[in-house]
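File shown: upload-v1.txt (compact mmCIF, C-alpha atoms).
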```txt
# COMPACT_ATOMS: atom_id res chain seq x y z
CA MET A 1 -136.65 30.65 41.11
CA ASP A 2 -140.29 31.31 42.03
CA VAL A 3 -143.20 31.53 39.61
CA LEU A 4 -143.01 35.34 39.25
CA GLN A 5 -139.33 35.25 38.42
CA ARG A 6 -139.89 32.43 35.92
CA PHE A 7 -142.76 34.38 34.35
CA ALA A 8 -140.60 37.49 34.02
CA ALA A 9 -137.96 35.30 32.36
CA GLY A 10 -140.52 34.16 29.76
CA ASP A 11 -141.50 30.73 31.10
CA VAL A 12 -144.91 29.83 29.58
CA ASP A 13 -145.67 27.28 32.32
CA ALA A 14 -145.25 30.00 34.93
CA PHE A 15 -147.49 32.26 32.86
CA GLU A 16 -150.16 29.55 32.76
CA ALA A 17 -149.96 29.16 36.54
CA LEU A 18 -150.47 32.91 36.97
CA PHE A 19 -153.23 32.95 34.36
CA ARG A 20 -155.15 30.22 36.17
CA ALA A 21 -154.59 31.83 39.56
CA TYR A 22 -155.70 35.32 38.53
CA GLN A 23 -158.10 34.93 35.58
CA SER A 24 -161.20 34.97 37.82
CA ASP A 25 -160.06 38.12 39.64
CA VAL A 26 -159.32 39.86 36.37
CA PHE A 27 -162.62 38.71 34.84
CA ARG A 28 -164.68 39.94 37.80
CA TRP A 29 -162.90 43.31 37.85
CA VAL A 30 -163.35 43.87 34.13
CA LEU A 31 -166.96 42.70 34.29
CA ARG A 32 -167.67 45.37 36.91
CA ILE A 33 -166.38 48.03 34.54
CA VAL A 34 -167.83 46.90 31.20
CA ARG A 35 -170.98 45.10 32.52
CA ASP A 36 -170.97 42.59 29.65
CA ARG A 37 -169.96 38.96 30.26
CA ALA A 38 -168.82 38.17 26.71
CA ALA A 39 -166.79 41.37 26.50
CA ALA A 40 -165.32 40.70 29.96
CA GLU A 41 -164.11 37.27 28.83
CA ASP A 42 -162.49 38.73 25.73
CA LEU A 43 -160.94 41.48 27.82
CA THR A 44 -159.58 38.95 30.30
CA VAL A 45 -157.66 37.30 27.46
CA GLU A 46 -156.64 40.74 26.16
CA THR A 47 -155.38 41.68 29.63
CA PHE A 48 -153.22 38.57 29.93
CA TRP A 49 -152.00 39.12 26.37
CA ARG A 50 -150.78 42.56 27.46
CA VAL A 51 -149.37 41.04 30.64
CA TYR A 52 -147.48 38.43 28.59
CA HIS A 53 -146.02 41.09 26.33
CA ALA A 54 -144.98 43.28 29.25
CA ARG A 55 -143.39 40.41 31.20
CA ALA A 56 -139.87 41.74 30.69
CA ARG A 57 -140.89 44.96 32.43
CA PHE A 58 -142.49 43.18 35.39
CA ASN A 59 -140.63 43.46 38.67
CA PRO A 60 -141.04 40.08 40.47
CA SER A 61 -140.86 41.85 43.84
CA ARG A 62 -144.16 43.62 43.04
CA GLU A 63 -147.61 42.14 43.53
CA PHE A 64 -148.76 40.44 40.33
CA GLY A 65 -152.48 40.83 41.08
CA ALA A 66 -152.29 44.60 41.44
CA TRP A 67 -150.24 44.89 38.26
CA ALA A 68 -152.66 42.72 36.30
CA ARG A 69 -155.62 44.69 37.67
CA ARG A 70 -154.08 47.95 36.47
CA ILE A 71 -153.55 46.50 33.00
CA SER A 72 -157.09 45.08 32.94
CA THR A 73 -158.52 48.48 33.90
CA ASN A 74 -156.73 50.09 30.96
CA ALA A 75 -158.01 47.34 28.65
CA ALA A 76 -161.58 47.86 29.93
CA ILE A 77 -161.36 51.63 29.43
CA ASP A 78 -160.03 51.08 25.90
CA TYR A 79 -163.07 48.87 25.28
CA LEU A 80 -165.44 51.55 26.59
CA LYS A 81 -163.78 54.06 24.26
CA SER A 82 -164.22 51.74 21.28
CA ARG A 83 -167.89 51.18 22.17
CA ARG A 84 -168.78 54.87 22.39
CA PRO A 85 -169.78 55.47 18.77
CA PHE A 86 -172.58 52.91 19.16
CA ALA A 87 -174.08 54.76 22.12
CA GLU A 88 -173.92 58.01 20.16
CA LEU A 89 -175.44 56.38 17.08
CA ARG A 90 -178.30 55.05 19.15
CA GLU A 91 -179.02 58.53 20.39
CA ILE A 92 -178.96 59.96 16.86
CA ALA A 93 -181.10 57.16 15.45
CA ASP A 94 -183.73 57.37 18.16
CA PRO A 95 -183.72 60.86 19.64
CA GLY A 96 -187.27 60.68 20.95
CA GLY A 97 -187.20 57.05 21.92
CA LEU A 98 -187.16 57.70 25.63
CA LYS A 99 -190.39 59.62 25.57
CA ARG A 100 -192.42 56.98 23.80
CA GLY A 101 -194.34 54.26 25.55
CA GLY A 102 -193.49 52.31 28.69
CA ASP A 103 -194.09 53.32 32.26
CA ALA A 104 -192.31 56.16 33.95
CA GLN A 105 -189.94 53.91 35.88
CA HIS A 106 -188.86 52.17 32.69
CA GLU A 107 -188.32 55.49 30.94
CA LEU A 108 -186.28 56.76 33.85
CA GLY A 109 -184.15 53.62 33.81
CA GLU A 110 -183.56 53.90 30.07
CA ALA A 111 -182.64 57.58 30.40
CA LEU A 112 -180.16 56.81 33.16
CA ARG A 113 -178.70 53.94 31.15
CA GLN A 114 -178.22 56.25 28.18
CA ALA A 115 -176.77 59.07 30.28
CA PHE A 116 -174.39 56.61 31.91
CA ALA A 117 -173.29 55.11 28.57
CA GLU A 118 -172.51 58.60 27.32
CA LEU A 119 -170.11 59.42 30.17
CA PRO A 120 -166.45 59.73 29.14
CA PRO A 121 -164.93 56.24 29.62
CA LYS A 122 -162.57 57.22 32.45
CA LEU A 123 -165.40 58.85 34.39
CA GLN A 124 -167.69 55.93 33.61
CA ALA A 125 -165.15 53.42 34.96
CA ALA A 126 -164.64 55.41 38.18
CA ALA A 127 -168.39 55.91 38.66
CA THR A 128 -169.20 52.25 38.01
CA LEU A 129 -166.63 51.02 40.49
CA ALA A 130 -167.39 53.63 43.17
CA LEU A 131 -171.13 54.19 42.91
CA ILE A 132 -172.50 50.89 41.62
CA GLU A 133 -170.01 48.30 42.78
CA GLY A 134 -169.02 50.09 45.98
CA GLU A 135 -165.32 49.33 45.60
CA PRO A 136 -163.01 51.07 48.09
CA GLN A 137 -161.63 54.31 46.66
CA ALA A 138 -158.05 53.25 47.41
CA GLU A 139 -158.49 50.13 45.26
CA ILE A 140 -160.05 52.14 42.44
CA ALA A 141 -157.19 54.65 42.65
CA ALA A 142 -154.58 51.87 42.42
CA ALA A 143 -156.35 50.28 39.46
CA LEU A 144 -156.69 53.57 37.59
CA GLY A 145 -153.17 54.70 38.50
CA ILE A 146 -154.40 57.93 40.09
CA SER A 147 -154.74 59.31 43.62
CA VAL A 148 -157.76 58.83 45.87
CA ASN A 149 -158.54 62.52 45.35
CA GLY A 150 -158.39 61.87 41.63
CA VAL A 151 -161.03 59.15 42.05
CA LYS A 152 -163.24 61.51 44.10
CA SER A 153 -162.87 64.14 41.41
CA ARG A 154 -163.84 61.73 38.62
CA VAL A 155 -166.87 60.48 40.53
CA PHE A 156 -167.95 64.05 41.27
CA ARG A 157 -167.62 65.01 37.60
CA ALA A 158 -169.50 61.86 36.55
CA VAL A 159 -172.39 62.66 38.90
CA ARG A 160 -172.50 66.26 37.65
CA LEU A 161 -172.60 65.10 34.02
CA LEU A 162 -175.28 62.50 34.82
CA ARG A 163 -177.45 65.13 36.52
CA LYS A 164 -177.03 67.50 33.57
CA ARG A 165 -177.79 64.81 30.97
CA MET A 166 -180.82 63.50 32.87
CA ILE A 167 -182.28 67.00 32.95
CA GLU A 168 -181.63 67.35 29.19
CA LEU A 169 -183.45 64.05 28.65
CA GLY A 170 -186.46 65.42 30.53
CA PHE A 171 -185.81 63.76 33.85
CA GLY A 172 -185.22 66.57 36.28
CA PRO A 173 -185.08 65.91 40.01
CA CYS A 174 -188.83 66.34 40.42
CA THR A 175 -189.55 63.80 37.68
CA THR A 176 -187.25 61.36 39.37
CA MET A 177 -188.57 61.91 42.88
CA LYS A 178 -192.18 61.62 41.73
CA THR A 179 -191.34 58.38 40.05
CA LYS A 180 -189.66 56.99 43.12
CA SER A 181 -191.85 58.18 45.92
CA GLY A 182 -194.82 60.01 44.43
CA THR A 183 -193.74 63.34 45.85
CA CYS A 184 -191.33 66.06 44.85
CA MET B 185 -181.02 69.74 40.98
CA TYR B 186 -180.62 66.33 42.56
CA ASN B 187 -179.80 66.44 46.21
CA ASP B 188 -176.43 64.71 46.15
CA GLU B 189 -174.28 61.81 45.07
CA ASP B 190 -176.32 59.39 47.21
CA GLU B 191 -179.45 59.93 45.16
CA ILE B 192 -177.64 59.29 41.90
CA ARG B 193 -176.02 56.23 43.46
CA ASP B 194 -179.41 54.82 44.51
CA LEU B 195 -180.87 55.44 41.06
CA LEU B 196 -177.85 53.87 39.39
CA ARG B 197 -178.02 50.77 41.58
CA GLU B 198 -181.72 50.38 40.80
CA THR B 199 -181.08 50.66 37.08
CA LEU B 200 -177.68 49.00 36.83
CA PRO B 201 -177.38 46.55 39.73
CA PRO B 202 -173.91 45.47 40.91
CA MET B 203 -172.49 42.60 38.87
CA GLY B 204 -171.57 40.59 41.96
CA SER B 205 -169.20 37.65 41.91
CA SER B 206 -169.12 35.43 38.89
CA GLU B 207 -166.72 33.29 36.93
CA PRO B 208 -165.91 33.11 33.22
CA SER B 209 -168.28 30.74 31.41
CA ARG B 210 -165.38 28.77 29.97
CA ASP B 211 -161.70 28.04 30.44
CA LEU B 212 -159.94 30.98 28.79
CA TRP B 213 -156.46 29.42 28.75
CA PRO B 214 -156.87 27.63 25.37
CA GLU B 215 -157.80 30.96 23.78
CA MET B 216 -154.78 32.56 25.42
CA LEU B 217 -152.54 29.79 24.08
CA ARG B 218 -153.94 30.23 20.55
CA ARG B 219 -153.19 33.92 20.75
CA ILE B 220 -149.64 33.31 21.91
CA ALA B 221 -149.13 30.71 19.15
CA SER B 222 -150.42 33.08 16.49
CA GLU B 223 -147.92 35.74 17.51
CA PRO B 224 -145.47 36.26 14.66
CA ALA B 225 -141.92 35.43 15.57
CA ARG B 226 -140.20 38.59 16.59
CA ARG B 227 -137.13 39.59 14.68
CA PRO B 228 -134.24 40.24 17.03
CA SER B 229 -133.81 43.97 17.23
CA MET B 230 -130.37 45.43 16.68
CA GLN B 231 -129.54 47.56 19.65
CA LEU B 232 -126.54 49.82 19.32
CA ALA B 233 -125.19 52.46 21.65
CA TRP B 234 -125.14 56.08 20.48
CA TRP B 235 -121.39 56.06 19.97
CA GLU B 236 -121.66 52.95 17.80
CA TRP B 237 -124.15 54.76 15.56
CA ALA B 238 -121.75 57.74 15.50
CA LEU B 239 -118.86 55.51 14.38
CA LEU B 240 -121.04 53.94 11.69
CA GLY B 241 -121.94 57.43 10.48
CA LEU B 242 -118.26 58.32 10.20
CA ILE B 243 -117.50 55.45 7.82
CA PRO B 244 -119.06 57.07 4.68
CA LEU B 245 -117.30 60.31 5.55
CA TRP B 246 -113.98 58.50 5.91
CA LEU B 247 -114.50 56.68 2.60
CA ALA B 248 -115.35 59.97 0.85
CA MET B 249 -112.16 61.56 2.12
CA PHE B 250 -109.93 58.52 1.48
CA PRO B 251 -111.47 56.45 -1.39
CA HIS B 252 -108.51 54.10 -1.47
CA ALA B 253 -109.26 53.12 2.10
CA ILE B 254 -112.17 51.02 0.84
CA LEU B 255 -109.64 48.30 0.00
CA ALA B 256 -108.40 48.31 3.55
CA LEU B 257 -111.96 48.11 4.77
CA LEU B 258 -112.80 45.22 2.47
CA ILE B 259 -109.76 43.31 3.70
CA GLN B 260 -111.07 43.68 7.26
CA LEU B 261 -114.44 42.22 6.19
```

Written form, structure tokens:
Amino acid sequence: MDVLQRFAAGDVDAFEALFRAYQSDVFRWVLRIVRDRAAAEDLTVETFWRVYHARARFNPSREFGAWARRISTNAAIDYLKSRRPFAELREIADPGGLKRGGDAQHELGEALRQAFAELPPKLQAAATLALIEGEPQAEIAAALGISVNGVKSRVFRAVRLLRKRMIELGFGPCTTMKTKSGTC
Amino acid sequence: MYNDEDEIRDLLRETLPPMGSSEPSRDLWPEMLRRIASEPARRPSMQLAWWEWALLGLIPLWLAMFPHAILALLIQL
């Protein structure tokens, strides 16, 4: 019986072997989504906890890495959902914070950070992986459990929401272009 | 409006650079083991087929119709 079959049968030694083989992959993937090392470590353990509980449903003929990545993506999105109230609170507590002090580039960066943190978690995950990390759309689709067109749609919606929010925060396209190149 | 997705991508990468490759700062297996060990022992779940539940449901009905049958049932137990 190979390690996947032993894992599916509940063998803890086989689970440890899989944990050690895949923990770095899972950590790096989750880190790309949540962008926080401490949270990514906790979510790596959470992912394998979910994997351990779902072992009876695992088909040993499937690829373990892809399965674990899908579970880790769900765990990361759950984390982003749980973190959302803090982003909203920050906005309420400091509505004019972006306009005070600092140079224009810093203000622009803060505005974009805020706009990005306010994206719905599923859009945020797709946008992070596609736009920032440059992951292939097919891999993102597999991890999110949607089609490639679904990924394109989420990224498109994320970009549209970012544009809208940046304009609301006082950073229209001209503001941005002036900041970057001095012209608009 | 911004020109396209590329402009937003460039701005995002300036503000939120890619995380790149990195490793966990510690071995996470001991934490995993602690979590497994703290899992409360699961009670074995009783799984019955639908017809078994139907038969169980008929017992009270049968006893209501034939009260003396309870003796026969007790003998079987």

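Here CA of Phe156 in chain A is placed at a distance of 11.3 Å from CA of Asp190 in chain B.
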
Should the cut-off be 8 Å, what would the residue list for chain B against chain A look like, counting all atoms listed in the file, as a PDB file with C-alpha atoms, in the coordinates of the input?
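selection-v5.pdb, written as the output of this step:
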```
ATOM      1  CA  MET B 185    -181.020  69.740  40.980  1.00  0.00           C
ATOM      2  CA  TYR B 186    -180.620  66.330  42.560  1.00  0.00           C
ATOM      3  CA  GLU B 189    -174.280  61.810  45.070  1.00  0.00           C
ATOM      4  CA  ILE B 192    -177.640  59.290  41.900  1.00  0.00           C
ATOM      5  CA  ARG B 193    -176.020  56.230  43.460  1.00  0.00           C
ATOM      6  CA  LEU B 196    -177.850  53.870  39.390  1.00  0.00           C
ATOM      7  CA  ARG B 197    -178.020  50.770  41.580  1.00  0.00           C
ATOM      8  CA  THR B 199    -181.080  50.660  37.080  1.00  0.00           C
ATOM      9  CA  LEU B 200    -177.680  49.000  36.830  1.00  0.00           C
ATOM     10  CA  PRO B 201    -177.380  46.550  39.730  1.00  0.00           C
ATOM     11  CA  PRO B 202    -173.910  45.470  40.910  1.00  0.00           C
ATOM     12  CA  MET B 203    -172.490  42.600  38.870  1.00  0.00           C
ATOM     13  CA  GLY B 204    -171.570  40.590  41.960  1.00  0.00           C
ATOM     14  CA  SER B 205    -169.200  37.650  41.910  1.00  0.00           C
ATOM     15  CA  SER B 206    -169.120  35.430  38.890  1.00  0.00           C
ATOM     16  CA  GLU B 207    -166.720  33.290  36.930  1.00  0.00           C
ATOM     17  CA  PRO B 208    -165.910  33.110  33.220  1.00  0.00           C
ATOM     18  CA  LEU B 212    -159.940  30.980  28.790  1.00  0.00           C
ATOM     19  CA  TRP B 213    -156.460  29.420  28.750  1.00  0.00           C
ATOM     20  CA  GLU B 215    -157.800  30.960  23.780  1.00  0.00           C
ATOM     21  CA  MET B 216    -154.780  32.560  25.420  1.00  0.00           C
ATOM     22  CA  ARG B 219    -153.190  33.920  20.750  1.00  0.00           C
ATOM     23  CA  ILE B 220    -149.640  33.310  21.910  1.00  0.00           C
TER      24      ILE B 220
END
```

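Nearest-residue note for Ile146 in chain A: choosing from A:Arg70, A:Phe171, A:Glu118, A:Gln124, the minimum distance belongs to A:Arg70, counting only C-alpha atoms.
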
What separates CA of Arg210 in chain B and CA of Ala56 in chain A is a distance of 28.6 Å

The distance between CA of Leu161 in chain A and CA of Leu119 in chain A is 7.3 Å

Counting all atoms listed in the file, the residue among A:Pro60, A:Arg50, A:Arg165, A:Ile71 that lies closest to Ala9 in chain A is A:Pro60
